[in-house]
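Colleague: This is the structure I have questions about; it appears just below.
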Amino acid sequence: MRKTNRIARPFAALAFVLPAIVGQQGHAASPPVAAAAQDQIEYTVRAGDNLYRIAARYFVRQADYREVQRINRVADPLRLPVGSRLRVPVRLLRTEPLQARILAARGTVTMESGGAAVRPAPGIAVMPGAVLETGVDGFIGLALSNGSQVSLPTRTRVRLVAMRRILLTGSVDFDVAVERGKIETQATPLQADGSRFRLRTPRAVSAIRGTVLRIAYDDAGASITEVVEGKVAVQGDPSAAETMLAQGFGAQVSPGGAVAVEALLPAPDLVDAGKVLVDPVVALRARSQSGAKGYHVQVAADSSFADLVTEASADGDTVTLPALADGRWFVRLTAFSATGIEGLPQVYSLRRSLTGLSASAAQDGDRITIKWLGQGASDARRLYRFQLARGDAKAAPMIDEPGLQDAQMGVSGLADGVYFWRVGVQQYADGDVTENWTPFQKFTVTGAGR
């Protein structure tokens with residue numbers, strides 16, 4: 001696995017998602033939020049509350065009630081109107097750590113937790129501060145304590161900055177930093193108690209309730225956010241206004257902090273979506289789409305794509321996947337634009353049943369011998385079929401031999417002319433039948449009977 005240096009630059013402060021009116025272009029700017037306000041929560045005063053009691057139970061240091069008194073301009077710390085709201089800096093509050101859990105891990109994956117290296121495996125608990133990394137063939141699926149899921153594809157490094165419950169309000173606070181690569185998050189709706197779920201790169205992004213989004217950060221320092229569902233506020237420069245992205249929009253944040261917004265490309269269609277994947281090399285072709293530079297394919301064992309097994313991208317409409325085992329898989333197809341922003345997804349359920357077949361012909365005098373080799377499950381039963389046509393591959397076969405069990409066929413006594421041949425296989429495995437054919441090949445017979 002290629003070694004990479006940790007990003008030394010500090011992460012920019014994150015902004016809460018504020019209500020905003022989304023215009024016809026799908027995004028709207030809201031005023032900048034002061035950094036101090038970003039790290040505060042609101043508490044509604046209940047009967048019997050006063051600042052001394054609140055501080056004794058919920059503050060790290062009871063003496064910090066004075067700071068809260070100053071922030072809220074409380075005249076008498078022993079008298080708080082019931083129903084009034086106190087703004088309290090999070091740094092003053094007692095919290096309890098929350099855990100995440102590994103849902104799936106494949107390929108080259110690593111995790112650092114508490115200064116020690118831990119091998120990620122399904123079911124393992126992940127604590128705040130952990131760093132997870134995937135290699136060129138690695139995938140990790142992560143479940144947060146509130147049911148939200150985070151998927152790490154290949155070449156991605158993520159730090160779980162904070163996972164905690166604030167005891168004063170019972171609200172949860174998740175802070176996930178993408179240091180390299182790309183993640184997809186399916187965020188469970190948060191309670192209306194001040195709970196927060198923040199995703200960040202060295203640019204700032206805040207996710208709202210029930211949002212499905214992707215966030216990427218590359219070595220050139222550019223950050224990309226793509227909103228599949230919900231709304232997300234993006235802020236490049238902490239002193240600049242936020243940009244609210246609506247569903248179906250993406251934004252690229254330059255190293256200088258400029259935010260460029262564009263509509264996500266629509267979900268593309270897969271050509272021959274119902275076809276069983278039988279060839280040794282799996283090549284999926286997208287129906288060409290206006291504005292698409294290329295396409296991205298991900299394959300998972302589950303419909304939520306927490307358990308990714310392979311992925312590939314290509315400039316152009318055909319994506320070739322690495323080795324894919326037999327089985328039924330979920331396939332997610334997206335298009336990406338010239339700017340590198342990935343579009344809306346289309347998901348398919350496809351069956352993979354390797355039914356590979358290769359063949360070659362050799363001539364010995366006037367006899368032509370065709371030999372073939374099948375590839376597939378070791379316990380599969382295979383029957384072969386040989387066809388030979390004269391003059392044109394589309395002509396009716398002059399020889400058509402089905403049900404062959406041997407791996408070769410000999411032909412002799414052919415008249416002069418051009419001939420086209422191919423071999424087919426029917427494979428029987430696990431109650432299913434798959435079929436595959438070699439391409440037509442040709443040979444020429446001259447001087448027959450001389």
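Chain lettering (A, B, ...) mirrors the order of the structure tokens, residue numbering begins at 1 for each chain separately, and ligand numbering begins at 1 in order of display.
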Compile a residue-level contact table for stretch 286-398 of chain A against stretch 254-265 of chain A at a cut-off of 12 Å, reporting for every qualifying residue the shortest atom pair and its distance in Å to one decimal, with only C-alpha atoms counted, rows ordered by chain and ascending number, as JSON lines.
Modeller:
```
{"residue": "A:Ser288", "atom": "CA", "partner": "A:Leu265", "partner_atom": "CA", "distance": 11.9}
{"residue": "A:Gln289", "atom": "CA", "partner": "A:Leu265", "partner_atom": "CA", "distance": 8.7}
{"residue": "A:Ser290", "atom": "CA", "partner": "A:Leu265", "partner_atom": "CA", "distance": 8.7}
{"residue": "A:Gly291", "atom": "CA", "partner": "A:Leu265", "partner_atom": "CA", "distance": 7.5}
{"residue": "A:Ala292", "atom": "CA", "partner": "A:Leu265", "partner_atom": "CA", "distance": 7.4}
{"residue": "A:Lys293", "atom": "CA", "partner": "A:Leu265", "partner_atom": "CA", "distance": 10.5}
{"residue": "A:Gly294", "atom": "CA", "partner": "A:Leu265", "partner_atom": "CA", "distance": 11.1}
{"residue": "A:Tyr295", "atom": "CA", "partner": "A:Leu265", "partner_atom": "CA", "distance": 10.8}
{"residue": "A:Leu333", "atom": "CA", "partner": "A:Leu265", "partner_atom": "CA", "distance": 11.7}
{"residue": "A:Thr334", "atom": "CA", "partner": "A:Leu265", "partner_atom": "CA", "distance": 8.3}
{"residue": "A:Ala335", "atom": "CA", "partner": "A:Leu265", "partner_atom": "CA", "distance": 6.5}
{"residue": "A:Phe336", "atom": "CA", "partner": "A:Leu265", "partner_atom": "CA", "distance": 7.1}
{"residue": "A:Ser337", "atom": "CA", "partner": "A:Leu265", "partner_atom": "CA", "distance": 7.2}
{"residue": "A:Ala338", "atom": "CA", "partner": "A:Leu265", "partner_atom": "CA", "distance": 10.8}
{"residue": "A:Thr339", "atom": "CA", "partner": "A:Glu262", "partner_atom": "CA", "distance": 9.4}
{"residue": "A:Gly340", "atom": "CA", "partner": "A:Leu264", "partner_atom": "CA", "distance": 10.6}
{"residue": "A:Ile341", "atom": "CA", "partner": "A:Leu264", "partner_atom": "CA", "distance": 7.3}
{"residue": "A:Glu342", "atom": "CA", "partner": "A:Leu264", "partner_atom": "CA", "distance": 6.8}
{"residue": "A:Gly343", "atom": "CA", "partner": "A:Leu265", "partner_atom": "CA", "distance": 4.4}
{"residue": "A:Leu344", "atom": "CA", "partner": "A:Leu265", "partner_atom": "CA", "distance": 6.1}
{"residue": "A:Pro345", "atom": "CA", "partner": "A:Leu265", "partner_atom": "CA", "distance": 9.2}
{"residue": "A:Gln346", "atom": "CA", "partner": "A:Leu265", "partner_atom": "CA", "distance": 11.3}
```
Colleague: Keeping N, CA and C atoms, export the residues of the selection given above as a PDB file, in the first residue's frame.
Modeller:
```
ATOM      1  N   SER A 288     -24.822   6.304 -23.505  1.00  0.00           N
ATOM      2  CA  SER A 288     -24.160   7.616 -23.559  1.00  0.00           C
ATOM      3  C   SER A 288     -25.109   8.734 -23.158  1.00  0.00           C
ATOM      4  N   GLN A 289     -24.563   9.649 -22.383  1.00  0.00           N
ATOM      5  CA  GLN A 289     -25.361  10.721 -21.791  1.00  0.00           C
ATOM      6  C   GLN A 289     -24.709  12.070 -22.078  1.00  0.00           C
ATOM      7  N   SER A 290     -25.515  13.043 -22.432  1.00  0.00           N
ATOM      8  CA  SER A 290     -24.994  14.374 -22.720  1.00  0.00           C
ATOM      9  C   SER A 290     -24.324  14.969 -21.484  1.00  0.00           C
ATOM     10  N   GLY A 291     -23.126  15.506 -21.667  1.00  0.00           N
ATOM     11  CA  GLY A 291     -22.399  16.156 -20.578  1.00  0.00           C
ATOM     12  C   GLY A 291     -21.538  15.225 -19.761  1.00  0.00           C
ATOM     13  N   ALA A 292     -21.604  13.915 -20.037  1.00  0.00           N
ATOM     14  CA  ALA A 292     -20.831  12.948 -19.261  1.00  0.00           C
ATOM     15  C   ALA A 292     -19.453  12.749 -19.876  1.00  0.00           C
ATOM     16  N   LYS A 293     -18.435  12.907 -19.055  1.00  0.00           N
ATOM     17  CA  LYS A 293     -17.064  12.622 -19.494  1.00  0.00           C
ATOM     18  C   LYS A 293     -16.765  11.134 -19.367  1.00  0.00           C
ATOM     19  N   GLY A 294     -17.359  10.494 -18.384  1.00  0.00           N
ATOM     20  CA  GLY A 294     -17.124   9.075 -18.133  1.00  0.00           C
ATOM     21  C   GLY A 294     -18.108   8.560 -17.107  1.00  0.00           C
ATOM     22  N   TYR A 295     -17.855   7.324 -16.658  1.00  0.00           N
ATOM     23  CA  TYR A 295     -18.806   6.664 -15.777  1.00  0.00           C
ATOM     24  C   TYR A 295     -18.077   5.932 -14.657  1.00  0.00           C
ATOM     25  N   LEU A 333     -24.412   2.705 -10.814  1.00  0.00           N
ATOM     26  CA  LEU A 333     -23.802   3.374 -11.965  1.00  0.00           C
ATOM     27  C   LEU A 333     -24.045   4.878 -11.855  1.00  0.00           C
ATOM     28  N   THR A 334     -22.985   5.653 -12.028  1.00  0.00           N
ATOM     29  CA  THR A 334     -23.088   7.109 -12.048  1.00  0.00           C
ATOM     30  C   THR A 334     -22.253   7.659 -13.196  1.00  0.00           C
ATOM     31  N   ALA A 335     -22.606   8.855 -13.639  1.00  0.00           N
ATOM     32  CA  ALA A 335     -21.807   9.572 -14.636  1.00  0.00           C
ATOM     33  C   ALA A 335     -21.068  10.704 -13.943  1.00  0.00           C
ATOM     34  N   PHE A 336     -19.900  11.068 -14.454  1.00  0.00           N
ATOM     35  CA  PHE A 336     -19.215  12.235 -13.902  1.00  0.00           C
ATOM     36  C   PHE A 336     -18.957  13.249 -15.011  1.00  0.00           C
ATOM     37  N   SER A 337     -19.017  14.511 -14.613  1.00  0.00           N
ATOM     38  CA  SER A 337     -18.908  15.602 -15.568  1.00  0.00           C
ATOM     39  C   SER A 337     -17.448  15.928 -15.843  1.00  0.00           C
ATOM     40  N   ALA A 338     -17.232  16.906 -16.713  1.00  0.00           N
ATOM     41  CA  ALA A 338     -15.867  17.318 -17.058  1.00  0.00           C
ATOM     42  C   ALA A 338     -15.139  17.892 -15.860  1.00  0.00           C
ATOM     43  N   THR A 339     -15.878  18.413 -14.863  1.00  0.00           N
ATOM     44  CA  THR A 339     -15.253  18.972 -13.661  1.00  0.00           C
ATOM     45  C   THR A 339     -14.950  17.905 -12.622  1.00  0.00           C
ATOM     46  N   GLY A 340     -15.377  16.664 -12.868  1.00  0.00           N
ATOM     47  CA  GLY A 340     -15.118  15.592 -11.916  1.00  0.00           C
ATOM     48  C   GLY A 340     -16.218  15.375 -10.907  1.00  0.00           C
ATOM     49  N   ILE A 341     -17.315  16.133 -11.003  1.00  0.00           N
ATOM     50  CA  ILE A 341     -18.420  15.957 -10.072  1.00  0.00           C
ATOM     51  C   ILE A 341     -19.276  14.772 -10.521  1.00  0.00           C
ATOM     52  N   GLU A 342     -19.542  13.880  -9.569  1.00  0.00           N
ATOM     53  CA  GLU A 342     -20.271  12.644  -9.854  1.00  0.00           C
ATOM     54  C   GLU A 342     -21.771  12.880  -9.743  1.00  0.00           C
ATOM     55  N   GLY A 343     -22.529  12.270 -10.654  1.00  0.00           N
ATOM     56  CA  GLY A 343     -23.955  12.529 -10.737  1.00  0.00           C
ATOM     57  C   GLY A 343     -24.803  11.611  -9.889  1.00  0.00           C
ATOM     58  N   LEU A 344     -26.110  11.627 -10.173  1.00  0.00           N
ATOM     59  CA  LEU A 344     -27.070  10.822  -9.438  1.00  0.00           C
ATOM     60  C   LEU A 344     -26.917   9.345  -9.804  1.00  0.00           C
ATOM     61  N   PRO A 345     -27.197   8.441  -8.860  1.00  0.00           N
ATOM     62  CA  PRO A 345     -26.944   7.016  -9.094  1.00  0.00           C
ATOM     63  C   PRO A 345     -28.147   6.263  -9.635  1.00  0.00           C
ATOM     64  N   GLN A 346     -27.840   5.222 -10.385  1.00  0.00           N
ATOM     65  CA  GLN A 346     -28.827   4.235 -10.806  1.00  0.00           C
ATOM     66  C   GLN A 346     -28.348   2.883 -10.279  1.00  0.00           C
TER      67      GLN A 346
END
```
Colleague: Identify, on the basis of only C-alpha atoms, every residue whose closest approach to A:Ala314 does not exceed 8 Å; exclude the query and any residue fewer than 3 positions from it along the same chain; express the result as a PDB file with C-alpha atoms, in the first residue's frame.
Modeller:
```pdb
ATOM      1  CA  GLY A 294     -17.124   9.075 -18.133  1.00  0.00           C
ATOM      2  CA  TYR A 295     -18.806   6.664 -15.777  1.00  0.00           C
ATOM      3  CA  HIS A 296     -18.242   5.097 -12.362  1.00  0.00           C
ATOM      4  CA  ASP A 317     -19.119   4.665 -21.715  1.00  0.00           C
ATOM      5  CA  THR A 318     -17.569   1.222 -20.993  1.00  0.00           C
ATOM      6  CA  VAL A 319     -16.295   0.380 -17.514  1.00  0.00           C
ATOM      7  CA  THR A 320     -14.208  -2.782 -17.020  1.00  0.00           C
TER       8      THR A 320
END
```
Colleague: When you count only C-alpha atoms, which of these residues is closest to A:Tyr217: A:Ala273, A:Ile183, A:Val82, A:Val45?
Modeller: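 When distances to A:Tyr217 are compared using only C-alpha atoms, the smallest one comes from A:Ile183.
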Colleague: Skip stretch 350-362 of chain A itself and residues of its chain fewer than 5 positions away, then list as a PyMOL selection string all residues within 7 Å of it, counting only C-alpha atoms.
Modeller: chain A and resi 274+276-280+326-331+368-376+427+434-436+438
Colleague: Identify, on the basis of only C-alpha atoms, every residue whose closest approach to A:Val178 does not exceed 7 Å; exclude the query and any residue fewer than 6 positions from it along the same chain; express the result as a VMD selection string.
Modeller: chain A and resid 157 to 159 200 to 201 217
Colleague: Could those selected residues go to a file with N, CA, C and O atoms, as an mmCIF file, in the first residue's frame?
Modeller:
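File part-v2.cif, as written:
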```cif
data_model
loop_
_atom_site.group_PDB
_atom_site.id
_atom_site.type_symbol
_atom_site.label_atom_id
_atom_site.label_comp_id
_atom_site.auth_asym_id
_atom_site.auth_seq_id
_atom_site.Cartn_x
_atom_site.Cartn_y
_atom_site.Cartn_z
ATOM 1 N N ARG A 157 -8.951 7.979 3.247
ATOM 2 C CA ARG A 157 -8.488 8.087 4.634
ATOM 3 C C ARG A 157 -9.451 8.995 5.386
ATOM 4 O O ARG A 157 -9.681 10.136 4.980
ATOM 5 N N VAL A 158 -9.988 8.491 6.495
ATOM 6 C CA VAL A 158 -11.004 9.209 7.266
ATOM 7 C C VAL A 158 -10.619 9.211 8.739
ATOM 8 O O VAL A 158 -10.147 8.197 9.264
ATOM 9 N N ARG A 159 -10.837 10.348 9.385
ATOM 10 C CA ARG A 159 -10.610 10.470 10.826
ATOM 11 C C ARG A 159 -11.951 10.756 11.517
ATOM 12 O O ARG A 159 -12.673 11.683 11.126
ATOM 13 N N ARG A 200 -16.357 16.874 7.017
ATOM 14 C CA ARG A 200 -15.418 17.927 6.631
ATOM 15 C C ARG A 200 -14.247 17.388 5.836
ATOM 16 O O ARG A 200 -13.872 16.227 5.938
ATOM 17 N N THR A 201 -13.741 18.264 4.998
ATOM 18 C CA THR A 201 -12.400 18.130 4.438
ATOM 19 C C THR A 201 -11.673 19.352 4.974
ATOM 20 O O THR A 201 -12.176 20.003 5.894
ATOM 21 N N TYR A 217 -11.952 14.660 -1.327
ATOM 22 C CA TYR A 217 -10.833 15.593 -1.191
ATOM 23 C C TYR A 217 -9.635 14.984 -1.891
ATOM 24 O O TYR A 217 -9.290 13.826 -1.648
#
```
Colleague: Hey, which of A:Val299, A:Ala396, A:Leu414, A:Leu78 ends up closest to A:Tyr52? Count only C-alpha atoms.
Modeller: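 Of the candidates, the smallest distance to A:Tyr52 is held by A:Leu78.
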Colleague: Which residue is closest to A:Leu93? Choose from A:Glu112, A:Asp430, A:Glu133, A:Asp39 and count only C-alpha atoms.
Modeller: A:Asp39
Colleague: Give me, please, the distance in Å between atom CA of A:Pro189 and atom CA of A:Ser151, quoted to one decimal.
Modeller: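 Value for the atom CA of A:Pro189-atom CA of A:Ser151 distance: 17.5 Å.
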Colleague: Excluding stretch 190-192 of chain A and its own-chain neighbours fewer than 4 positions away, which residues fall within 12 Å of it when counting only C-alpha atoms? Please give them as a ChimeraX atom specification.
Modeller: /A:41-42,145-148,169-174,186,196-198,207-211
Colleague: Could you name the residues that touch A:Thr95 at 8 Å or less, counting only C-alpha atoms, but leaving out those on the same chain fewer than 2 positions away, as a ChimeraX atom specification?
Modeller: /A:93,97,164-167
Colleague: To one decimal place in Å, what is the distance between atom CA of A:Ala177 and atom CA of A:Gln40?
Modeller: 19.9 Å
Colleague: Do a neighbour search on A:Ser84 at 12 Å with only C-alpha atoms, toss out local chain neighbours closer than 5 positions, and write the hits as a list of chain:residue names.
Modeller: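 So the residues in contact are A:Glu42, A:Tyr43, A:Thr44, A:Val45, A:Arg46, A:Ala47, A:Asp49, A:Asn50, A:Asn72, A:Val74, A:Arg79.
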Colleague: Give the helix (DSSP H, G or I) residues of stretch 46-156 of chain A, as assigned by DSSP on the backbone, as a list of chain:residue names.
Modeller: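 Selecting the helix (DSSP H, G or I) positions of stretch 46-156 of chain A gives A:Leu51, A:Tyr52, A:Arg53, A:Ile54, A:Ala55, A:Ala56, A:Arg57, A:Tyr58, A:Gln62, A:Ala63, A:Asp64, A:Tyr65, A:Arg66, A:Glu67, A:Val68, A:Gln69, A:Arg70, A:Ile71, A:Asn72, A:Val90, A:Arg91, A:Leu92.
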Colleague: Running DSSP on the backbone, which parts of stretch 253-382 of chain A land in strand (DSSP E or B), as number ranges by chain?
Modeller: A: 253, 259-263, 270, 277, 283-286, 294-300, 308-315, 318-320, 327-336, 342, 346-352, 356-364, 367-375, 381-382
Colleague: Could you please determine the separation between atom CA of A:Ala389 and atom CA of A:Arg367 in Å, to one decimal place?
Modeller: 16.1 Å
Colleague: Which is closest to A:Ala104 among A:Val90, A:Ala121, A:Val232, A:Val227, if we use only C-alpha atoms?
Modeller: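 Of A:Val90, A:Ala121, A:Val232, A:Val227, the one nearest A:Ala104 is A:Ala121, counting only C-alpha atoms.
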Colleague: Of the candidates A:Val150, A:Val228, A:Leu132, A:Ala267, which one gets nearest to A:Leu199 if we count only C-alpha atoms?
Modeller: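 Counting only C-alpha atoms, the residue closest to A:Leu199 is A:Val150.
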